[in-house]
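structure-v1.txt (compact mmCIF, C-alpha atoms) appears below.
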```txt
# COMPACT_ATOMS: atom_id res chain seq x y z
CA MET A 1 -86.42 50.19 -226.22
CA TRP A 2 -85.86 53.61 -224.62
CA ARG A 3 -84.62 51.99 -221.42
CA LYS A 4 -82.16 49.81 -223.26
CA TYR A 5 -80.63 52.47 -225.45
CA ARG A 6 -81.10 55.61 -223.40
CA LEU A 7 -77.35 56.16 -222.83
CA GLU A 8 -76.66 55.84 -226.54
CA VAL A 9 -79.42 58.35 -227.28
CA ILE A 10 -78.08 60.79 -224.69
CA ALA A 11 -74.53 60.45 -226.09
CA VAL A 12 -75.66 61.08 -229.68
CA VAL A 13 -77.75 64.08 -228.60
CA ALA A 14 -74.83 65.51 -226.58
CA ILE A 15 -72.44 65.15 -229.53
CA LEU A 16 -74.95 66.69 -231.94
CA CYS A 17 -75.52 69.60 -229.54
CA PHE A 18 -71.76 70.06 -229.30
CA CYS A 19 -71.47 70.21 -233.10
CA GLY A 20 -74.48 72.52 -233.33
CA ILE A 21 -73.08 74.93 -230.75
CA PHE A 22 -69.74 74.90 -232.54
CA LEU A 23 -71.30 75.68 -235.93
CA TYR A 24 -73.44 78.44 -234.42
CA THR A 25 -70.66 80.15 -232.45
CA SER A 26 -68.14 79.83 -235.26
CA SER A 27 -70.58 81.53 -237.62
CA LEU A 28 -70.84 84.42 -235.12
CA MET A 29 -67.11 84.79 -234.58
CA ASP A 30 -65.40 85.69 -237.84
CA ASP A 31 -62.05 86.28 -236.22
CA ALA A 32 -61.86 83.03 -234.26
CA GLU A 33 -58.68 81.18 -235.14
CA TYR A 34 -59.37 77.97 -233.23
CA ALA A 35 -55.80 77.88 -232.02
CA GLY A 36 -54.94 75.52 -229.21
CA SER A 37 -55.58 76.75 -225.68
CA ASP A 38 -51.98 75.74 -224.94
CA THR A 39 -50.79 78.32 -227.45
CA LEU A 40 -53.11 81.00 -226.07
CA GLY A 41 -51.89 80.22 -222.57
CA ALA A 42 -48.31 80.56 -223.72
CA SER A 43 -48.86 83.96 -225.28
CA ARG A 44 -50.61 85.12 -222.10
CA VAL A 45 -47.59 83.95 -220.11
CA ALA A 46 -45.35 85.99 -222.41
CA GLU A 47 -47.53 89.06 -221.74
CA LEU A 48 -47.38 88.56 -217.98
CA ALA A 49 -43.63 87.93 -217.98
CA GLY A 50 -43.11 90.95 -220.20
CA ILE A 51 -40.91 89.21 -222.74
CA SER A 52 -41.66 87.94 -226.21
CA GLU A 53 -42.71 84.36 -226.80
CA GLU A 54 -39.60 83.55 -228.82
CA ASP A 55 -37.45 84.33 -225.79
CA PHE A 56 -38.75 81.33 -223.91
CA GLN A 57 -36.04 78.77 -224.44
CA PRO A 58 -36.69 75.09 -223.73
CA LEU A 59 -34.96 74.02 -220.50
CA VAL A 60 -34.49 70.57 -222.00
CA PRO A 61 -33.72 70.40 -225.74
CA GLN A 62 -36.78 69.26 -227.61
CA TRP A 63 -37.57 67.72 -230.98
CA GLU A 64 -40.43 69.38 -232.79
CA PRO A 65 -42.43 67.85 -235.62
CA PRO A 66 -41.15 69.70 -238.73
CA SER A 67 -44.69 70.43 -239.96
CA GLY A 68 -48.35 70.28 -239.00
CA GLU A 69 -48.76 67.29 -241.31
CA ILE A 70 -46.23 65.24 -239.38
CA GLU A 71 -47.72 66.37 -236.11
CA SER A 72 -51.18 65.23 -237.18
CA ALA A 73 -49.74 61.88 -238.27
CA LEU A 74 -48.25 61.34 -234.82
CA PHE A 75 -51.51 62.36 -233.14
CA ALA A 76 -53.39 59.92 -235.35
CA LEU A 77 -50.88 57.25 -234.39
CA GLN A 78 -51.53 57.93 -230.71
CA ALA A 79 -55.29 57.62 -231.20
CA ALA A 80 -54.85 54.49 -233.32
CA VAL A 81 -52.82 52.76 -230.62
CA GLY A 82 -55.58 53.52 -228.10
CA GLY A 83 -58.27 52.38 -230.53
CA ILE A 84 -56.54 49.09 -231.30
CA ILE A 85 -56.16 48.25 -227.62
CA VAL A 86 -59.79 49.11 -226.84
CA GLY A 87 -61.10 47.12 -229.81
CA TRP A 88 -58.90 44.15 -229.01
CA VAL A 89 -60.09 43.97 -225.39
CA PHE A 90 -63.77 44.36 -226.25
CA GLY A 91 -63.39 41.55 -228.76
CA TYR A 92 -61.56 39.41 -226.21
CA TRP A 93 -64.35 39.93 -223.64
CA ARG A 94 -67.03 39.22 -226.19
CA GLY A 95 -65.31 35.99 -227.13
CA GLN A 96 -65.07 34.97 -223.48
CA LYS A 97 -68.73 35.73 -222.97
CA ASN A 98 -69.87 33.74 -226.00
CA ARG A 99 -67.84 30.77 -224.88
CA SER A 100 -69.25 30.71 -221.39
CA THR A 101 -72.89 30.90 -222.50
CA MET B 1 -53.67 71.61 -220.78
CA HIS B 2 -50.03 71.25 -221.68
CA ILE B 3 -47.71 73.84 -220.31
CA MET B 4 -45.19 74.27 -223.11
CA GLU B 5 -41.52 73.46 -222.68
CA GLY B 6 -39.60 76.40 -221.26
CA PHE B 7 -42.71 78.20 -220.02
CA LEU B 8 -42.17 77.31 -216.39
CA PRO B 9 -39.22 78.79 -214.50
CA PRO B 10 -36.76 76.05 -213.43
CA GLU B 11 -37.70 76.24 -209.73
CA TRP B 12 -41.38 75.63 -210.48
CA ALA B 13 -40.61 72.88 -212.97
CA LEU B 14 -38.54 71.19 -210.29
CA PHE B 15 -41.24 71.73 -207.64
CA TRP B 16 -43.90 69.94 -209.71
CA TRP B 17 -41.50 67.13 -210.58
CA VAL B 18 -40.81 66.57 -206.88
CA LEU B 19 -44.56 66.37 -206.25
CA ALA B 20 -45.17 64.09 -209.24
CA LEU B 21 -42.50 61.47 -208.60
CA PRO B 22 -43.89 59.96 -205.36
CA CYS B 23 -47.35 59.81 -206.98
CA LEU B 24 -45.89 57.84 -209.89
CA ALA B 25 -43.92 55.55 -207.60
CA PHE B 26 -47.04 54.78 -205.57
CA GLY B 27 -49.01 54.28 -208.78
CA ILE B 28 -46.51 51.72 -210.10
CA PHE B 29 -46.57 49.93 -206.74
CA GLN B 30 -50.39 49.78 -206.77
CA LEU B 31 -50.45 48.68 -210.40
CA LYS B 32 -48.14 45.75 -209.65
CA LYS B 33 -50.30 44.74 -206.71
CA ILE B 34 -53.54 44.86 -208.70
CA LEU B 35 -52.09 42.89 -211.61
CA ALA B 36 -50.48 40.30 -209.32
CA ALA B 37 -53.82 39.72 -207.61
CA ASP B 38 -55.87 39.44 -210.80
CA ARG B 39 -54.50 39.08 -214.32
CA GLU B 40 -57.95 39.71 -215.75
CA ALA B 41 -57.57 43.33 -214.59
CA LEU B 42 -55.07 43.85 -217.41
CA PRO B 43 -57.64 44.03 -220.25
CA LEU B 44 -59.67 46.53 -218.21
CA LEU B 45 -56.53 48.58 -217.74
CA GLY B 46 -56.07 48.40 -221.51
CA VAL B 47 -59.54 49.79 -222.16
CA THR B 48 -59.32 52.64 -219.66
CA GLY B 49 -55.77 53.48 -220.75
CA GLY B 50 -56.74 53.18 -224.41
CA PHE B 51 -59.38 55.83 -223.95
CA ILE B 52 -56.85 58.18 -222.38
CA PHE B 53 -54.72 57.69 -225.52
CA ILE B 54 -57.65 58.32 -227.85
CA LEU B 55 -59.32 61.23 -226.07
CA SER B 56 -56.15 63.14 -225.28
CA SER B 57 -55.23 63.15 -228.96
CA LEU B 58 -58.51 64.75 -230.06
CA LYS B 59 -58.23 68.50 -230.19
CA LEU B 60 -61.75 69.83 -230.36
CA PRO B 61 -63.02 73.33 -231.06
CA SER B 62 -64.95 75.07 -228.32
CA VAL B 63 -67.25 78.04 -227.82
CA THR B 64 -64.37 80.38 -227.00
CA GLY B 65 -62.97 80.13 -230.54
CA SER B 66 -60.02 78.03 -229.45
CA CYS B 67 -59.29 74.33 -229.33
CA SER B 68 -58.59 72.01 -226.48
CA HIS B 69 -58.59 68.30 -225.81
CA PRO B 70 -60.40 66.06 -223.32
CA THR B 71 -58.32 63.98 -220.91
CA GLY B 72 -60.21 60.69 -220.59
CA THR B 73 -58.83 60.06 -217.12
CA GLY B 74 -62.11 59.64 -215.22
CA LEU B 75 -62.83 56.08 -216.32
CA SER B 76 -59.44 54.83 -215.20
CA SER B 77 -59.79 56.71 -211.94
CA VAL B 78 -63.10 54.98 -211.22
CA CYS B 79 -61.74 51.51 -212.03
CA PHE B 80 -58.21 51.73 -210.62
CA GLY B 81 -57.97 54.90 -208.56
CA PRO B 82 -56.02 58.09 -209.22
CA TRP B 83 -52.47 56.78 -208.69
CA VAL B 84 -52.59 54.09 -211.36
CA THR B 85 -54.16 56.71 -213.62
CA SER B 86 -51.14 58.98 -213.13
CA VAL B 87 -48.86 56.23 -214.45
CA ILE B 88 -50.89 55.92 -217.67
CA CYS B 89 -51.00 59.71 -218.02
CA ALA B 90 -47.24 59.91 -217.57
CA ILE B 91 -46.80 57.54 -220.52
CA VAL B 92 -49.12 59.58 -222.75
CA LEU B 93 -47.56 62.88 -221.70
CA LEU B 94 -44.05 61.51 -222.25
CA PHE B 95 -45.03 60.44 -225.79
CA GLN B 96 -46.47 63.89 -226.45
CA SER B 97 -43.44 65.74 -225.13
CA LEU B 98 -40.94 63.58 -227.02
CA PHE B 99 -42.68 63.39 -230.39
CA LEU B 100 -45.25 66.16 -230.59
CA ALA B 101 -43.61 69.07 -228.74
CA HIS B 102 -46.76 69.27 -226.62
CA GLY B 103 -45.46 69.82 -223.15
CA GLY B 104 -41.81 68.98 -222.54
CA LEU B 105 -39.47 67.10 -220.27
CA SER B 106 -38.92 69.92 -217.78
CA VAL B 107 -42.64 70.73 -217.49
CA LEU B 108 -43.66 67.05 -217.56
CA GLY B 109 -43.91 67.06 -213.76
CA ALA B 110 -46.39 69.94 -213.81
CA ASN B 111 -48.40 68.32 -216.59
CA ILE B 112 -48.49 64.98 -214.75
CA ILE B 113 -49.75 66.75 -211.62
CA SER B 114 -52.60 68.46 -213.49
CA MET B 115 -53.73 65.67 -215.84
CA GLY B 116 -52.56 62.61 -213.94
CA VAL B 117 -52.90 63.47 -210.27
CA VAL B 118 -55.23 66.29 -209.26
CA GLY B 119 -57.82 65.77 -212.02
CA PRO B 120 -58.22 62.01 -211.36
CA LEU B 121 -58.04 62.63 -207.61
CA ALA B 122 -60.92 65.12 -207.76
CA GLY B 123 -62.92 62.67 -209.86
CA TRP B 124 -62.11 59.84 -207.50
CA ALA B 125 -63.31 61.88 -204.50
CA ILE B 126 -66.69 62.28 -206.19
CA TYR B 127 -66.75 58.61 -207.07
CA ARG B 128 -66.06 57.58 -203.46
CA ALA B 129 -68.77 59.93 -202.23
CA LEU B 130 -71.38 58.56 -204.63
CA ARG B 131 -70.37 54.90 -205.00
CA ASP B 132 -72.48 53.47 -202.21
CA THR B 133 -75.41 55.86 -202.56
CA ARG B 134 -78.52 55.37 -204.68
CA VAL B 135 -77.18 57.68 -207.36
CA ASN B 136 -77.20 56.04 -210.78
CA MET B 137 -73.90 54.34 -211.61
CA PHE B 138 -73.61 55.81 -215.09
CA PHE B 139 -74.44 59.28 -213.83
CA THR B 140 -71.63 58.88 -211.29
CA VAL B 141 -69.19 57.95 -214.07
CA PHE B 142 -70.38 60.95 -216.10
CA LEU B 143 -69.78 63.31 -213.17
CA VAL B 144 -66.39 61.82 -212.35
CA CYS B 145 -65.13 62.12 -215.94
CA ALA B 146 -66.42 65.66 -216.43
CA ILE B 147 -64.99 66.88 -213.12
CA ALA B 148 -61.63 65.14 -213.65
CA ASP B 149 -61.36 66.81 -217.06
CA LEU B 150 -62.31 70.25 -215.78
CA CYS B 151 -60.09 70.06 -212.69
CA THR B 152 -57.11 69.22 -214.88
CA TYR B 153 -57.49 72.55 -216.64
CA ILE B 154 -58.12 74.43 -213.40
CA VAL B 155 -54.85 73.05 -212.04
CA THR B 156 -52.98 74.02 -215.23
CA SER B 157 -54.29 77.57 -214.74
CA LEU B 158 -53.14 77.51 -211.12
CA GLU B 159 -49.68 76.22 -212.04
CA LEU B 160 -49.22 79.04 -214.54
CA ALA B 161 -50.68 81.64 -212.16
CA LEU B 162 -48.30 80.63 -209.36
CA ALA B 163 -45.32 80.99 -211.68
CA TYR B 164 -46.58 84.20 -213.28
CA PRO B 165 -48.51 86.34 -210.80
CA ALA B 166 -49.94 89.50 -212.34
CA GLU B 167 -48.41 92.82 -211.34
CA VAL B 168 -51.79 94.04 -210.18
CA GLY B 169 -53.75 91.49 -208.18
CA GLY B 170 -50.99 88.88 -207.98
CA VAL B 171 -51.67 85.17 -208.26
CA VAL B 172 -55.44 85.50 -207.94
CA SER B 173 -55.92 87.80 -210.90
CA SER B 174 -53.62 85.84 -213.17
CA PHE B 175 -55.37 82.64 -212.03
CA ILE B 176 -58.67 84.14 -213.20
CA LEU B 177 -57.00 85.17 -216.44
CA PHE B 178 -55.75 81.63 -217.15
CA LEU B 179 -59.08 80.12 -216.09
CA GLY B 180 -60.63 82.23 -218.82
CA ILE B 181 -58.36 80.59 -221.38
CA PHE B 182 -58.33 77.01 -220.12
CA ALA B 183 -61.37 76.27 -217.99
CA ILE B 184 -64.14 78.00 -219.94
CA THR B 185 -63.02 76.41 -223.21
CA GLN B 186 -63.10 73.09 -221.43
CA VAL B 187 -66.68 73.11 -220.06
CA PRO B 188 -68.47 71.78 -223.20
CA LEU B 189 -65.67 69.28 -223.85
CA ALA B 190 -65.87 67.99 -220.28
CA ILE B 191 -69.61 67.39 -220.62
CA VAL B 192 -69.26 65.49 -223.90
CA GLU B 193 -66.36 63.47 -222.49
CA GLY B 194 -68.44 62.53 -219.45
CA VAL B 195 -71.34 61.33 -221.58
CA VAL B 196 -69.14 59.31 -223.92
CA LEU B 197 -67.20 57.61 -221.13
CA ALA B 198 -70.42 56.80 -219.26
CA LEU B 199 -71.51 55.00 -222.44
CA VAL B 200 -68.18 53.15 -222.60
CA PHE B 201 -68.67 52.13 -218.98
CA LYS B 202 -72.06 50.70 -219.91
CA TYR B 203 -70.39 48.44 -222.49
CA ILE B 204 -67.83 47.30 -219.93
CA VAL B 205 -70.67 46.47 -217.53
CA GLN B 206 -72.43 44.48 -220.25
CA LEU B 207 -69.41 42.57 -221.46
CA LYS B 208 -67.39 41.95 -218.32
CA PRO B 209 -69.37 42.65 -215.12
CA GLU B 210 -67.29 40.07 -213.19
CA ILE B 211 -64.11 42.12 -213.29
CA LEU B 212 -65.92 45.22 -211.97
CA VAL B 213 -67.38 43.11 -209.16
CA ARG B 214 -63.99 41.61 -208.29
CA LEU B 215 -62.29 45.00 -208.25
CA LYS B 216 -65.25 46.29 -206.18
CA VAL B 217 -65.68 49.21 -208.55
CA PHE B 218 -69.34 49.51 -207.60
CA PRO B 219 -71.50 47.47 -205.19
CA GLU B 220 -72.29 44.09 -206.74
CA VAL B 221 -76.05 44.67 -206.62
CA LYS B 222 -75.73 47.78 -208.76
CA ILE B 223 -73.48 46.13 -211.35
CA ARG B 224 -75.62 42.99 -211.60
CA ALA B 225 -78.79 45.04 -211.94
CA ALA B 226 -77.27 47.17 -214.72
CA ALA B 227 -75.82 44.12 -216.51
CA GLY B 228 -79.18 42.31 -216.34
CA ASP B 229 -81.00 45.38 -217.58
CA ALA B 230 -79.12 45.62 -220.80
```
When written as structure tokens, how does the structure in this file appear?
Amino acid sequence: MWRKYRLEVIAVVAILCFCGIFLYTSSLMDDAEYAGSDTLGASRVAELAGISEEDFQPLVPQWEPPSGEIESALFALQAAVGGIIVGWVFGYWRGQKNRST
Amino acid sequence: MHIMEGFLPPEWALFWWVLALPCLAFGIFQLKKILAADREALPLLGVTGGFIFILSSLKLPSVTGSCSHPTGTGLSSVCFGPWVTSVICAIVLLFQSLFLAHGGLSVLGANIISMGVVGPLAGWAIYRALRDTRVNMFFTVFLVCAIADLCTYIVTSLELALAYPAEVGGVVSSFILFLGIFAITQVPLAIVEGVVLALVFKYIVQLKPEILVRLKVFPEVKIRAAAGDA
């Protein structure tokens, strides 16, 4: 039993630890904003360059999602595309396997 | 790990693009060769690429009070090598720069180098070192994925540090500064990513060991033993 499912057990424990650590540290840090590290990196760049963040103009014009809602929809779409492909292939392999045995 | 559009000076943006393009060209060449030799490699490519799509869209909170996302590139690097991985990453990063304003077209070269080239390359080096040893196959995949993830963020820090050296201490001190933002946040995410992708690799071994044998991903004995075990 343990031998067969040990990777699953390890994965579940790792994810639970990750959640636990997050809950613990976020309860300690009242001021944590959980902003993206990309954003933090950008503001640090602005500090180092000595100009304000708004002064960084895109070199190539860029479309931005008008709101966080739309952005999250597009991120979900990206994950869904990946999920569909993964599920489809696993099903395809499973079908092949059942046929050959 | 995205450098945001406009945050790299034009000369650096160009520099990383020039580095990225030959990697992509070689990746496309290799991809064609692999698929021409074995059509059954395509579903495997779908799985490894699919996980890059999924994992790089998950922005997870970390111990530093900020959020970051895993890269998912290790699995593809193990199965197909780093160059094919850079092609998949380029597709994901292009989607994100066109529709999500994460990264951008001018900094795409730099982002491809960090997520698609150096990260997978570092992972692949570990994979090649451990493939034919007695080290457990799944542990190898775990290490590769975690290191590929972490290296991606180290390279992002380096790219920013090179473009923005600190007044005191130059490139080194701003490198350390950016590592503090990117790499430390990433450590717990890299570990979880490694564990999850090792589990995914187990399912691939169970369902389709033949393709891993044909692509010589690991020695046949190891794959057969693991497939029989499960």
Close residues, range 10-20 of chain A itself excluded, 7 Å, all atoms listed in the file, min 5 positions apart in chain, as a ChimeraX atom specification: /B:192,195-196
- prompt: What's the 9 Å shell around range 76-83 of chain A, counting all atoms listed in the file, without same-chain residues fewer than 4 positions away, as a ChimeraX atom specification?
  reply: /A:71-72,87-88 /B:46-47,49-58,92,95-96
message: Just want the 9 Å neighbourhood of Met115 in chain B, counted on all atoms listed in the file, with same-chain residues fewer than 3 positions away dropped. Output as a PyMOL selection string.
response: chain B and resi 1-2+71+73+86+89-90+93+110-112+118-120+148-149+151-153+155-156
Only C-alpha atoms, please: the residues just picked out, written as an mmCIF file, in the coordinates of the input.
```cif
data_model
loop_
_atom_site.group_PDB
_atom_site.id
_atom_site.type_symbol
_atom_site.label_atom_id
_atom_site.label_comp_id
_atom_site.auth_asym_id
_atom_site.auth_seq_id
_atom_site.Cartn_x
_atom_site.Cartn_y
_atom_site.Cartn_z
ATOM 1 C CA MET B 1 -53.670 71.610 -220.780
ATOM 2 C CA HIS B 2 -50.030 71.250 -221.680
ATOM 3 C CA THR B 71 -58.320 63.980 -220.910
ATOM 4 C CA THR B 73 -58.830 60.060 -217.120
ATOM 5 C CA SER B 86 -51.140 58.980 -213.130
ATOM 6 C CA CYS B 89 -51.000 59.710 -218.020
ATOM 7 C CA ALA B 90 -47.240 59.910 -217.570
ATOM 8 C CA LEU B 93 -47.560 62.880 -221.700
ATOM 9 C CA ALA B 110 -46.390 69.940 -213.810
ATOM 10 C CA ASN B 111 -48.400 68.320 -216.590
ATOM 11 C CA ILE B 112 -48.490 64.980 -214.750
ATOM 12 C CA VAL B 118 -55.230 66.290 -209.260
ATOM 13 C CA GLY B 119 -57.820 65.770 -212.020
ATOM 14 C CA PRO B 120 -58.220 62.010 -211.360
ATOM 15 C CA ALA B 148 -61.630 65.140 -213.650
ATOM 16 C CA ASP B 149 -61.360 66.810 -217.060
ATOM 17 C CA CYS B 151 -60.090 70.060 -212.690
ATOM 18 C CA THR B 152 -57.110 69.220 -214.880
ATOM 19 C CA TYR B 153 -57.490 72.550 -216.640
ATOM 20 C CA VAL B 155 -54.850 73.050 -212.040
ATOM 21 C CA THR B 156 -52.980 74.020 -215.230
#
```
Within 12 Å of Ser27 in chain A, counting all atoms listed in the file, which residues qualify if same-chain residues fewer than 6 places away don't, as a CSV table (one decimal) with C-alpha atoms, in the coordinates of the input?
```
chain,number,residue,atom,x,y,z
A,20,GLY,CA,-74.5,72.5,-233.3
A,21,ILE,CA,-73.1,74.9,-230.8
B,63,VAL,CA,-67.2,78.0,-227.8
B,65,GLY,CA,-63.0,80.1,-230.5
```
Produce the centre coordinates and the three edge lengths, each in Å to one decimal, of the box along x, y and z that contains all listed atoms of range 60-71 of chain A with 4 Å added on each side, as JSON.
```
{"center_x": -41.2, "center_y": 67.9, "center_z": -231.7, "size_x": 23.0, "size_y": 13.3, "size_z": 27.3}
```
message: With all atoms listed in the file as the counted atoms, please give the residues lying no more than 12 Å from Asn98 in chain A, apart from itself and same-chain residues fewer than 4 positions off, as a list in words.
response: Gly91, Tyr92, Trp93 and Arg94 of chain A; Leu207 and Lys208 of chain B
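Among the candidate residues B:Tyr164, B:Trp83, B:Tyr203, B:Phe178, the one lying nearest to Ile113 in chain B is B:Trp83, with distances computed using only C-alpha atoms.
Our summary of the geometry notes that CA of Ala35 in chain A is positioned 5.7 Å from CA of Cys67 in chain B.
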message: I'd like the interatomic distance between CA of Lys202 in chain B and CA of Val78 in chain B, to a tenth of an Å.
response: 13.2 Å
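Nearest-residue note for Ala198 in chain B: choosing from B:Leu31, B:Ile3, B:Leu44, B:Val141, the minimum distance belongs to B:Val141, counting all atoms listed in the file.
Ranking B:Cys23, B:Val171, B:Ala101, B:Ala37 by their shortest atom-to-atom distance to chain A, with all atoms listed in the file included, puts B:Ala101 first.
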Mind filling out range 113-135 of chain B with N, CA and C atoms and sending it as a PDB file, in the coordinates of the input?
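What ended up in result_9.pdb:
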```pdb
ATOM      1  N   ILE B 113     -48.954  66.357-212.788  1.00  0.00           N
ATOM      2  CA  ILE B 113     -49.750  66.750-211.620  1.00  0.00           C
ATOM      3  C   ILE B 113     -51.154  67.183-212.048  1.00  0.00           C
ATOM      4  N   SER B 114     -51.272  67.975-213.116  1.00  0.00           N
ATOM      5  CA  SER B 114     -52.600  68.460-213.490  1.00  0.00           C
ATOM      6  C   SER B 114     -53.451  67.360-214.120  1.00  0.00           C
ATOM      7  N   MET B 115     -52.903  66.647-215.126  1.00  0.00           N
ATOM      8  CA  MET B 115     -53.730  65.670-215.840  1.00  0.00           C
ATOM      9  C   MET B 115     -53.769  64.325-215.117  1.00  0.00           C
ATOM     10  N   GLY B 116     -52.650  63.962-214.481  1.00  0.00           N
ATOM     11  CA  GLY B 116     -52.560  62.610-213.940  1.00  0.00           C
ATOM     12  C   GLY B 116     -52.848  62.501-212.456  1.00  0.00           C
ATOM     13  N   VAL B 117     -52.725  63.597-211.712  1.00  0.00           N
ATOM     14  CA  VAL B 117     -52.900  63.470-210.270  1.00  0.00           C
ATOM     15  C   VAL B 117     -54.136  64.215-209.767  1.00  0.00           C
ATOM     16  N   VAL B 118     -54.141  65.543-209.900  1.00  0.00           N
ATOM     17  CA  VAL B 118     -55.230  66.290-209.260  1.00  0.00           C
ATOM     18  C   VAL B 118     -56.567  66.049-209.956  1.00  0.00           C
ATOM     19  N   GLY B 119     -56.574  66.033-211.297  1.00  0.00           N
ATOM     20  CA  GLY B 119     -57.820  65.770-212.020  1.00  0.00           C
ATOM     21  C   GLY B 119     -58.428  64.431-211.604  1.00  0.00           C
ATOM     22  N   PRO B 120     -57.682  63.319-211.766  1.00  0.00           N
ATOM     23  CA  PRO B 120     -58.220  62.010-211.360  1.00  0.00           C
ATOM     24  C   PRO B 120     -58.556  61.953-209.876  1.00  0.00           C
ATOM     25  N   LEU B 121     -57.779  62.638-209.049  1.00  0.00           N
ATOM     26  CA  LEU B 121     -58.040  62.630-207.610  1.00  0.00           C
ATOM     27  C   LEU B 121     -59.379  63.301-207.300  1.00  0.00           C
ATOM     28  N   ALA B 122     -59.650  64.424-207.968  1.00  0.00           N
ATOM     29  CA  ALA B 122     -60.920  65.120-207.760  1.00  0.00           C
ATOM     30  C   ALA B 122     -62.069  64.229-208.210  1.00  0.00           C
ATOM     31  N   GLY B 123     -61.893  63.583-209.372  1.00  0.00           N
ATOM     32  CA  GLY B 123     -62.920  62.670-209.860  1.00  0.00           C
ATOM     33  C   GLY B 123     -63.143  61.520-208.908  1.00  0.00           C
ATOM     34  N   TRP B 124     -62.039  60.989-208.400  1.00  0.00           N
ATOM     35  CA  TRP B 124     -62.110  59.840-207.500  1.00  0.00           C
ATOM     36  C   TRP B 124     -62.834  60.206-206.212  1.00  0.00           C
ATOM     37  N   ALA B 125     -62.628  61.436-205.718  1.00  0.00           N
ATOM     38  CA  ALA B 125     -63.310  61.880-204.500  1.00  0.00           C
ATOM     39  C   ALA B 125     -64.826  61.842-204.707  1.00  0.00           C
ATOM     40  N   ILE B 126     -65.263  62.302-205.884  1.00  0.00           N
ATOM     41  CA  ILE B 126     -66.690  62.280-206.190  1.00  0.00           C
ATOM     42  C   ILE B 126     -67.203  60.847-206.286  1.00  0.00           C
ATOM     43  N   TYR B 127     -66.374  60.013-206.929  1.00  0.00           N
ATOM     44  CA  TYR B 127     -66.750  58.610-207.070  1.00  0.00           C
ATOM     45  C   TYR B 127     -66.920  57.947-205.706  1.00  0.00           C
ATOM     46  N   ARG B 128     -65.970  58.186-204.789  1.00  0.00           N
ATOM     47  CA  ARG B 128     -66.060  57.580-203.460  1.00  0.00           C
ATOM     48  C   ARG B 128     -67.284  58.095-202.709  1.00  0.00           C
ATOM     49  N   ALA B 129     -67.618  59.367-202.930  1.00  0.00           N
ATOM     50  CA  ALA B 129     -68.770  59.930-202.230  1.00  0.00           C
ATOM     51  C   ALA B 129     -70.073  59.327-202.739  1.00  0.00           C
ATOM     52  N   LEU B 130     -70.123  58.988-204.037  1.00  0.00           N
ATOM     53  CA  LEU B 130     -71.380  58.560-204.630  1.00  0.00           C
ATOM     54  C   LEU B 130     -71.507  57.047-204.801  1.00  0.00           C
ATOM     55  N   ARG B 131     -70.365  56.312-204.645  1.00  0.00           N
ATOM     56  CA  ARG B 131     -70.370  54.900-205.000  1.00  0.00           C
ATOM     57  C   ARG B 131     -71.462  54.110-204.288  1.00  0.00           C
ATOM     58  N   ASP B 132     -71.560  54.299-202.974  1.00  0.00           N
ATOM     59  CA  ASP B 132     -72.480  53.470-202.210  1.00  0.00           C
ATOM     60  C   ASP B 132     -73.836  54.139-201.980  1.00  0.00           C
ATOM     61  N   THR B 133     -74.102  55.219-202.697  1.00  0.00           N
ATOM     62  CA  THR B 133     -75.410  55.860-202.560  1.00  0.00           C
ATOM     63  C   THR B 133     -76.338  55.310-203.654  1.00  0.00           C
ATOM     64  N   ARG B 134     -77.553  55.841-203.684  1.00  0.00           N
ATOM     65  CA  ARG B 134     -78.520  55.370-204.680  1.00  0.00           C
ATOM     66  C   ARG B 134     -78.354  56.055-206.026  1.00  0.00           C
ATOM     67  N   VAL B 135     -77.387  56.949-206.104  1.00  0.00           N
ATOM     68  CA  VAL B 135     -77.180  57.680-207.360  1.00  0.00           C
ATOM     69  C   VAL B 135     -76.825  56.688-208.471  1.00  0.00           C
TER      70      VAL B 135
END
```
